[in-house]
>>> print(open('query08.txt').read())   # compact mmCIF, C-alpha atoms
# COMPACT_ATOMS: atom_id res chain seq x y z
CA ASP A 1 0.00 0.00 0.00
CA VAL A 2 1.12 3.53 -0.77
CA GLN A 3 1.42 5.53 2.40
CA LEU A 4 2.48 9.08 3.09
CA GLN A 5 3.00 10.45 6.57
CA ALA A 6 3.49 14.14 7.16
CA TYR A 7 4.90 15.31 10.47
CA GLY A 8 6.89 18.10 12.04
CA GLY A 9 4.19 20.73 12.50
CA GLY A 10 3.80 22.75 15.65
CA LEU A 11 3.39 26.18 17.18
CA VAL A 12 6.00 28.80 16.38
CA GLN A 13 6.27 32.56 16.68
CA ALA A 14 6.31 34.77 13.63
CA GLY A 15 9.78 34.84 12.13
CA GLY A 16 10.55 31.35 13.35
CA SER A 17 11.24 28.14 11.47
CA LEU A 18 9.87 24.63 11.20
CA ARG A 19 10.83 21.64 9.11
CA LEU A 20 8.11 19.35 7.87
CA SER A 21 8.82 15.80 6.77
CA CYS A 22 6.86 13.56 4.43
CA ALA A 23 7.80 9.89 4.79
CA ALA A 24 6.68 7.71 1.89
CA SER A 25 6.35 3.94 1.54
CA GLY A 26 4.85 1.44 -0.85
CA PHE A 27 6.17 2.86 -4.10
CA THR A 28 9.38 3.54 -5.98
CA PHE A 29 10.20 6.96 -4.67
CA ASP A 30 12.43 8.01 -7.53
CA ASP A 31 9.58 8.00 -10.08
CA TYR A 32 7.35 10.40 -8.25
CA ALA A 33 6.69 14.05 -7.65
CA ILE A 34 5.88 15.06 -4.11
CA GLY A 35 3.83 18.13 -3.37
CA TRP A 36 3.15 20.05 -0.20
CA PHE A 37 -0.27 21.62 0.13
CA ARG A 38 -1.92 23.57 2.92
CA GLN A 39 -5.41 24.44 4.01
CA ALA A 40 -6.19 27.28 6.36
CA PRO A 41 -9.52 27.50 8.22
CA GLY A 42 -12.27 28.65 5.88
CA LYS A 43 -10.01 28.58 2.83
CA GLU A 44 -9.44 26.20 -0.02
CA ARG A 45 -6.45 23.91 -0.07
CA GLU A 46 -3.56 25.40 -2.02
CA GLY A 47 -0.28 24.16 -3.40
CA VAL A 48 2.83 25.34 -1.59
CA SER A 49 5.82 23.56 -3.10
CA TYR A 50 6.63 20.56 -5.26
CA ILE A 51 9.65 18.44 -6.12
CA ASN A 52 10.38 15.77 -8.66
CA THR A 53 12.49 13.30 -6.71
CA SER A 54 14.07 11.87 -9.85
CA VAL A 55 15.66 15.04 -11.23
CA GLY A 56 15.36 17.34 -8.23
CA SER A 57 13.38 20.03 -10.00
CA THR A 58 11.30 22.18 -7.70
CA TYR A 59 8.46 24.69 -7.76
CA TYR A 60 7.26 27.19 -5.19
CA ALA A 61 4.11 29.23 -4.80
CA ASP A 62 4.80 32.95 -4.88
CA SER A 63 3.63 33.30 -1.29
CA VAL A 64 6.47 31.13 0.03
CA LYS A 65 9.22 31.74 -2.50
CA GLY A 66 12.44 32.72 -0.78
CA ARG A 67 11.23 31.49 2.62
CA PHE A 68 10.50 27.78 2.08
CA THR A 69 12.83 25.15 0.68
CA ILE A 70 11.77 21.70 -0.49
CA SER A 71 14.25 18.85 -0.68
CA SER A 72 14.28 15.08 -0.84
CA ASP A 73 16.36 12.28 0.60
CA ASN A 74 15.64 9.42 -1.75
CA ALA A 75 17.56 6.95 0.37
CA LYS A 76 15.09 7.64 3.17
CA ASN A 77 12.03 8.02 0.94
CA THR A 78 11.44 11.35 2.62
CA VAL A 79 10.73 14.85 1.38
CA TYR A 80 11.31 17.86 3.59
CA LEU A 81 9.85 21.34 3.65
CA GLN A 82 12.07 23.79 5.48
CA MET A 83 9.97 26.80 6.42
CA ASN A 84 11.78 29.95 7.51
CA SER A 85 10.58 33.47 8.30
CA LEU A 86 7.15 32.09 9.09
CA LYS A 87 4.19 34.46 9.07
CA PRO A 88 0.80 34.16 10.75
CA GLU A 89 -0.72 33.68 7.31
CA ASP A 90 1.27 30.46 6.97
CA THR A 91 -0.97 28.94 9.65
CA ALA A 92 -2.69 25.92 8.12
CA VAL A 93 -2.85 22.16 8.04
CA TYR A 94 -0.07 21.00 5.74
CA PHE A 95 -0.45 17.89 3.60
CA CYS A 96 1.95 16.01 1.39
CA ALA A 97 0.88 14.14 -1.72
CA ALA A 98 2.51 11.94 -4.36
CA SER A 99 2.08 11.70 -8.10
CA PHE A 100 3.65 9.25 -10.53
CA ALA A 101 5.74 11.66 -12.57
CA PRO A 102 8.12 10.17 -15.13
CA TYR A 103 10.58 12.21 -17.18
CA GLY A 104 11.03 14.81 -14.47
CA SER A 105 7.53 16.24 -14.65
CA ILE A 106 5.78 18.03 -11.79
CA PRO A 107 2.00 18.26 -11.64
CA LEU A 108 1.00 21.69 -10.39
CA THR A 109 -2.63 20.96 -9.59
CA GLN A 110 -4.14 18.98 -6.74
CA GLY A 111 -5.90 16.75 -9.21
CA GLY A 112 -2.56 15.55 -10.47
CA TYR A 113 -1.78 13.87 -7.17
CA ASP A 114 -2.98 10.36 -6.48
CA TYR A 115 -1.88 9.69 -2.95
CA TRP A 116 -2.33 11.90 0.08
CA GLY A 117 -1.06 11.75 3.62
CA GLN A 118 -2.76 13.03 6.73
CA GLY A 119 -2.08 16.63 7.59
CA THR A 120 0.14 18.22 10.17
CA GLN A 121 -0.88 21.46 11.85
CA VAL A 122 1.34 24.51 11.60
CA THR A 123 0.39 27.47 13.75
CA VAL A 124 2.30 30.74 13.58
CA SER A 125 1.57 33.23 16.33
CA SER A 126 2.02 36.97 15.87
>>> encode(input="query08.txt", output="structure tokens")
Amino acid sequence: DVQLQAYGGGLVQAGGSLRLSCAASGFTFDDYAIGWFRQAPGKEREGVSYINTSVGSTYYADSVKGRFTISSDNAKNTVYLQMNSLKPEDTAVYFCAASFAPYGSIPLTQGGYDYWGQGTQVTVSS
């Protein structure tokens, strides 16, 4: 079974940092794109950052560019999201998702992702 587990959320003050982890199992990690999404209360889920674990290409939403960094450790089947300079508007439940993505592609829509993990709460206080 394909499983994704997101963890590492917590409560942090504005300007602080957190690192989220997405541990994957049940599939060949190298052939997939992993995306981080978030959903704030009363808002739609939105894409935050994506990585193709085969070629290392990445994509960031404008709202997090320059503050968040996505990376992967293929030996550990884990993708990380390093979040720096956190703002109260980053408060949300963060999810990771996987998509079979050959040839270095990266789906940029939620519908392109087949497998989803449970969320981890990130709360940034002002």
>>> atom_distance(input="query08.txt", atom1="atom CA of Lys65 of chain A", atom2="atom CA of Ser25 of chain A")
28.2 Å
>>> closest_residue(input="query08.txt", among="A:Leu11, A:Ser57, A:Trp116, A:Cys96", to="Trp36 of chain A", atoms="only C-alpha atoms")
A:Cys96
>>> residues_around(input="query08.txt", residues="Glu44 of chain A", least_positions_apart="5", cutoff="12 Å", atoms="all atoms listed in the file", output="PDB file with C-alpha atoms, in the coordinates of the input")
ATOM      1  CA  PHE A  37      -0.270  21.620   0.130  1.00  0.00           C
ATOM      2  CA  ARG A  38      -1.920  23.570   2.920  1.00  0.00           C
ATOM      3  CA  GLN A  39      -5.410  24.440   4.010  1.00  0.00           C
ATOM      4  CA  ALA A  92      -2.690  25.920   8.120  1.00  0.00           C
ATOM      5  CA  VAL A  93      -2.850  22.160   8.040  1.00  0.00           C
ATOM      6  CA  GLN A 110      -4.140  18.980  -6.740  1.00  0.00           C
TER       7      GLN A 110
END
>>> atom_distance(input="query08.txt", atom1="atom CA of Lys76 of chain A", atom2="atom CA of Ala23 of chain A")
7.8 Å
>>> closest_residue(input="query08.txt", among="A:Pro41, A:Ala101, A:Arg67, A:Ser85", to="Tyr113 of chain A", atoms="only C-alpha atoms")
A:Ala101
>>> atom_distance(input="query08.txt", atom1="atom CA of Val12 of chain A", atom2="atom CA of Asn77 of chain A")
26.6 Å
>>> closest_residue(input="query08.txt", among="A:Thr78, A:Ser99, A:Ile51, A:Met83", to="Gly66 of chain A", atoms="only C-alpha atoms")
A:Met83
>>> closest_residue(input="query08.txt", among="A:Tyr103, A:Thr53, A:Gly42, A:Ser125", to="Ala75 of chain A", atoms="all atoms listed in the file")
A:Thr53
>>> residues_around(input="query08.txt", residues="Asn84 of chain A", least_positions_apart="6", cutoff="9 Å", atoms="only C-alpha atoms", output="count of residues only")
9
>>> decode(input="query08.txt", residues="segment 42-75 of chain A", atoms="N, CA, C and O atoms", output="PDB file, in the first residue's frame")
ATOM      1  N   GLY A  42     -11.397  27.863   6.733  1.00  0.00           N
ATOM      2  CA  GLY A  42     -12.268  28.648   5.884  1.00  0.00           C
ATOM      3  C   GLY A  42     -11.738  28.922   4.489  1.00  0.00           C
ATOM      4  O   GLY A  42     -12.360  29.654   3.724  1.00  0.00           O
ATOM      5  N   LYS A  43     -10.607  28.339   4.157  1.00  0.00           N
ATOM      6  CA  LYS A  43     -10.007  28.577   2.835  1.00  0.00           C
ATOM      7  C   LYS A  43      -9.835  27.266   2.088  1.00  0.00           C
ATOM      8  O   LYS A  43      -9.836  26.187   2.678  1.00  0.00           O
ATOM      9  N   GLU A  44      -9.667  27.375   0.795  1.00  0.00           N
ATOM     10  CA  GLU A  44      -9.437  26.196  -0.021  1.00  0.00           C
ATOM     11  C   GLU A  44      -7.989  25.732   0.140  1.00  0.00           C
ATOM     12  O   GLU A  44      -7.087  26.510   0.432  1.00  0.00           O
ATOM     13  N   ARG A  45      -7.798  24.457  -0.094  1.00  0.00           N
ATOM     14  CA  ARG A  45      -6.447  23.915  -0.067  1.00  0.00           C
ATOM     15  C   ARG A  45      -5.646  24.474  -1.241  1.00  0.00           C
ATOM     16  O   ARG A  45      -6.165  24.578  -2.356  1.00  0.00           O
ATOM     17  N   GLU A  46      -4.397  24.813  -0.980  1.00  0.00           N
ATOM     18  CA  GLU A  46      -3.560  25.402  -2.023  1.00  0.00           C
ATOM     19  C   GLU A  46      -2.207  24.710  -2.068  1.00  0.00           C
ATOM     20  O   GLU A  46      -1.729  24.180  -1.066  1.00  0.00           O
ATOM     21  N   GLY A  47      -1.609  24.730  -3.241  1.00  0.00           N
ATOM     22  CA  GLY A  47      -0.278  24.159  -3.400  1.00  0.00           C
ATOM     23  C   GLY A  47       0.773  25.108  -2.853  1.00  0.00           C
ATOM     24  O   GLY A  47       0.681  26.315  -3.030  1.00  0.00           O
ATOM     25  N   VAL A  48       1.768  24.555  -2.201  1.00  0.00           N
ATOM     26  CA  VAL A  48       2.834  25.340  -1.586  1.00  0.00           C
ATOM     27  C   VAL A  48       4.156  25.122  -2.320  1.00  0.00           C
ATOM     28  O   VAL A  48       4.813  26.071  -2.741  1.00  0.00           O
ATOM     29  N   SER A  49       4.536  23.860  -2.486  1.00  0.00           N
ATOM     30  CA  SER A  49       5.821  23.559  -3.100  1.00  0.00           C
ATOM     31  C   SER A  49       5.807  22.126  -3.592  1.00  0.00           C
ATOM     32  O   SER A  49       5.097  21.286  -3.039  1.00  0.00           O
ATOM     33  N   TYR A  50       6.598  21.881  -4.646  1.00  0.00           N
ATOM     34  CA  TYR A  50       6.629  20.562  -5.262  1.00  0.00           C
ATOM     35  C   TYR A  50       8.069  20.209  -5.625  1.00  0.00           C
ATOM     36  O   TYR A  50       8.884  21.081  -5.897  1.00  0.00           O
ATOM     37  N   ILE A  51       8.332  18.899  -5.678  1.00  0.00           N
ATOM     38  CA  ILE A  51       9.650  18.444  -6.118  1.00  0.00           C
ATOM     39  C   ILE A  51       9.496  17.150  -6.907  1.00  0.00           C
ATOM     40  O   ILE A  51       8.665  16.312  -6.566  1.00  0.00           O
ATOM     41  N   ASN A  52      10.270  17.045  -7.962  1.00  0.00           N
ATOM     42  CA  ASN A  52      10.382  15.767  -8.655  1.00  0.00           C
ATOM     43  C   ASN A  52      11.609  15.066  -8.086  1.00  0.00           C
ATOM     44  O   ASN A  52      12.730  15.560  -8.228  1.00  0.00           O
ATOM     45  N   THR A  53      11.396  13.947  -7.442  1.00  0.00           N
ATOM     46  CA  THR A  53      12.485  13.295  -6.710  1.00  0.00           C
ATOM     47  C   THR A  53      13.499  12.642  -7.627  1.00  0.00           C
ATOM     48  O   THR A  53      14.591  12.295  -7.189  1.00  0.00           O
ATOM     49  N   SER A  54      13.144  12.483  -8.907  1.00  0.00           N
ATOM     50  CA  SER A  54      14.072  11.872  -9.849  1.00  0.00           C
ATOM     51  C   SER A  54      15.139  12.854 -10.319  1.00  0.00           C
ATOM     52  O   SER A  54      16.331  12.542 -10.326  1.00  0.00           O
ATOM     53  N   VAL A  55      14.704  14.066 -10.676  1.00  0.00           N
ATOM     54  CA  VAL A  55      15.657  15.037 -11.227  1.00  0.00           C
ATOM     55  C   VAL A  55      15.914  16.203 -10.287  1.00  0.00           C
ATOM     56  O   VAL A  55      16.792  17.019 -10.546  1.00  0.00           O
ATOM     57  N   GLY A  56      15.136  16.290  -9.218  1.00  0.00           N
ATOM     58  CA  GLY A  56      15.360  17.344  -8.226  1.00  0.00           C
ATOM     59  C   GLY A  56      14.776  18.684  -8.580  1.00  0.00           C
ATOM     60  O   GLY A  56      15.030  19.675  -7.883  1.00  0.00           O
ATOM     61  N   SER A  57      13.993  18.757  -9.643  1.00  0.00           N
ATOM     62  CA  SER A  57      13.382  20.031  -9.996  1.00  0.00           C
ATOM     63  C   SER A  57      12.335  20.406  -8.952  1.00  0.00           C
ATOM     64  O   SER A  57      11.694  19.539  -8.364  1.00  0.00           O
ATOM     65  N   THR A  58      12.191  21.705  -8.747  1.00  0.00           N
ATOM     66  CA  THR A  58      11.305  22.184  -7.696  1.00  0.00           C
ATOM     67  C   THR A  58      10.419  23.323  -8.203  1.00  0.00           C
ATOM     68  O   THR A  58      10.707  23.946  -9.236  1.00  0.00           O
ATOM     69  N   TYR A  59       9.370  23.591  -7.445  1.00  0.00           N
ATOM     70  CA  TYR A  59       8.464  24.691  -7.759  1.00  0.00           C
ATOM     71  C   TYR A  59       7.925  25.225  -6.448  1.00  0.00           C
ATOM     72  O   TYR A  59       7.653  24.459  -5.522  1.00  0.00           O
ATOM     73  N   TYR A  60       7.774  26.561  -6.396  1.00  0.00           N
ATOM     74  CA  TYR A  60       7.263  27.193  -5.195  1.00  0.00           C
ATOM     75  C   TYR A  60       6.127  28.147  -5.539  1.00  0.00           C
ATOM     76  O   TYR A  60       6.184  28.859  -6.544  1.00  0.00           O
ATOM     77  N   ALA A  61       5.124  28.190  -4.683  1.00  0.00           N
ATOM     78  CA  ALA A  61       4.107  29.227  -4.799  1.00  0.00           C
ATOM     79  C   ALA A  61       4.745  30.572  -4.481  1.00  0.00           C
ATOM     80  O   ALA A  61       5.688  30.657  -3.680  1.00  0.00           O
ATOM     81  N   ASP A  62       4.232  31.623  -5.091  1.00  0.00           N
ATOM     82  CA  ASP A  62       4.802  32.954  -4.875  1.00  0.00           C
ATOM     83  C   ASP A  62       4.790  33.354  -3.402  1.00  0.00           C
ATOM     84  O   ASP A  62       5.692  34.046  -2.930  1.00  0.00           O
ATOM     85  N   SER A  63       3.783  32.891  -2.682  1.00  0.00           N
ATOM     86  CA  SER A  63       3.628  33.296  -1.287  1.00  0.00           C
ATOM     87  C   SER A  63       4.720  32.752  -0.376  1.00  0.00           C
ATOM     88  O   SER A  63       4.921  33.261   0.731  1.00  0.00           O
ATOM     89  N   VAL A  64       5.436  31.724  -0.820  1.00  0.00           N
ATOM     90  CA  VAL A  64       6.470  31.127   0.032  1.00  0.00           C
ATOM     91  C   VAL A  64       7.858  31.193  -0.590  1.00  0.00           C
ATOM     92  O   VAL A  64       8.844  30.801   0.051  1.00  0.00           O
ATOM     93  N   LYS A  65       7.936  31.689  -1.796  1.00  0.00           N
ATOM     94  CA  LYS A  65       9.222  31.740  -2.496  1.00  0.00           C
ATOM     95  C   LYS A  65      10.220  32.568  -1.703  1.00  0.00           C
ATOM     96  O   LYS A  65       9.903  33.658  -1.227  1.00  0.00           O
ATOM     97  N   GLY A  66      11.407  32.028  -1.535  1.00  0.00           N
ATOM     98  CA  GLY A  66      12.444  32.715  -0.779  1.00  0.00           C
ATOM     99  C   GLY A  66      12.416  32.418   0.705  1.00  0.00           C
ATOM    100  O   GLY A  66      13.367  32.748   1.425  1.00  0.00           O
ATOM    101  N   ARG A  67      11.348  31.817   1.188  1.00  0.00           N
ATOM    102  CA  ARG A  67      11.232  31.485   2.618  1.00  0.00           C
ATOM    103  C   ARG A  67      11.207  29.980   2.851  1.00  0.00           C
ATOM    104  O   ARG A  67      11.705  29.504   3.881  1.00  0.00           O
ATOM    105  N   PHE A  68      10.615  29.237   1.941  1.00  0.00           N
ATOM    106  CA  PHE A  68      10.496  27.784   2.082  1.00  0.00           C
ATOM    107  C   PHE A  68      11.460  27.102   1.117  1.00  0.00           C
ATOM    108  O   PHE A  68      11.690  27.595   0.006  1.00  0.00           O
ATOM    109  N   THR A  69      11.972  25.952   1.533  1.00  0.00           N
ATOM    110  CA  THR A  69      12.832  25.150   0.680  1.00  0.00           C
ATOM    111  C   THR A  69      12.390  23.698   0.749  1.00  0.00           C
ATOM    112  O   THR A  69      12.286  23.132   1.839  1.00  0.00           O
ATOM    113  N   ILE A  70      12.144  23.115  -0.421  1.00  0.00           N
ATOM    114  CA  ILE A  70      11.769  21.702  -0.492  1.00  0.00           C
ATOM    115  C   ILE A  70      12.985  20.894  -0.909  1.00  0.00           C
ATOM    116  O   ILE A  70      13.793  21.349  -1.727  1.00  0.00           O
ATOM    117  N   SER A  71      13.134  19.721  -0.336  1.00  0.00           N
ATOM    118  CA  SER A  71      14.252  18.849  -0.679  1.00  0.00           C
ATOM    119  C   SER A  71      13.830  17.407  -0.461  1.00  0.00           C
ATOM    120  O   SER A  71      12.818  17.135   0.185  1.00  0.00           O
ATOM    121  N   SER A  72      14.611  16.499  -1.015  1.00  0.00           N
ATOM    122  CA  SER A  72      14.282  15.085  -0.842  1.00  0.00           C
ATOM    123  C   SER A  72      15.521  14.289  -0.485  1.00  0.00           C
ATOM    124  O   SER A  72      16.635  14.619  -0.914  1.00  0.00           O
ATOM    125  N   ASP A  73      15.321  13.272   0.288  1.00  0.00           N
ATOM    126  CA  ASP A  73      16.356  12.280   0.605  1.00  0.00           C
ATOM    127  C   ASP A  73      15.826  10.954   0.092  1.00  0.00           C
ATOM    128  O   ASP A  73      15.041  10.284   0.774  1.00  0.00           O
ATOM    129  N   ASN A  74      16.224  10.607  -1.119  1.00  0.00           N
ATOM    130  CA  ASN A  74      15.643   9.422  -1.748  1.00  0.00           C
ATOM    131  C   ASN A  74      16.026   8.137  -1.017  1.00  0.00           C
ATOM    132  O   ASN A  74      15.276   7.162  -1.048  1.00  0.00           O
ATOM    133  N   ALA A  75      17.160   8.132  -0.381  1.00  0.00           N
ATOM    134  CA  ALA A  75      17.562   6.948   0.371  1.00  0.00           C
ATOM    135  C   ALA A  75      16.625   6.691   1.548  1.00  0.00           C
ATOM    136  O   ALA A  75      16.456   5.548   1.978  1.00  0.00           O
TER     137      ALA A  75
END
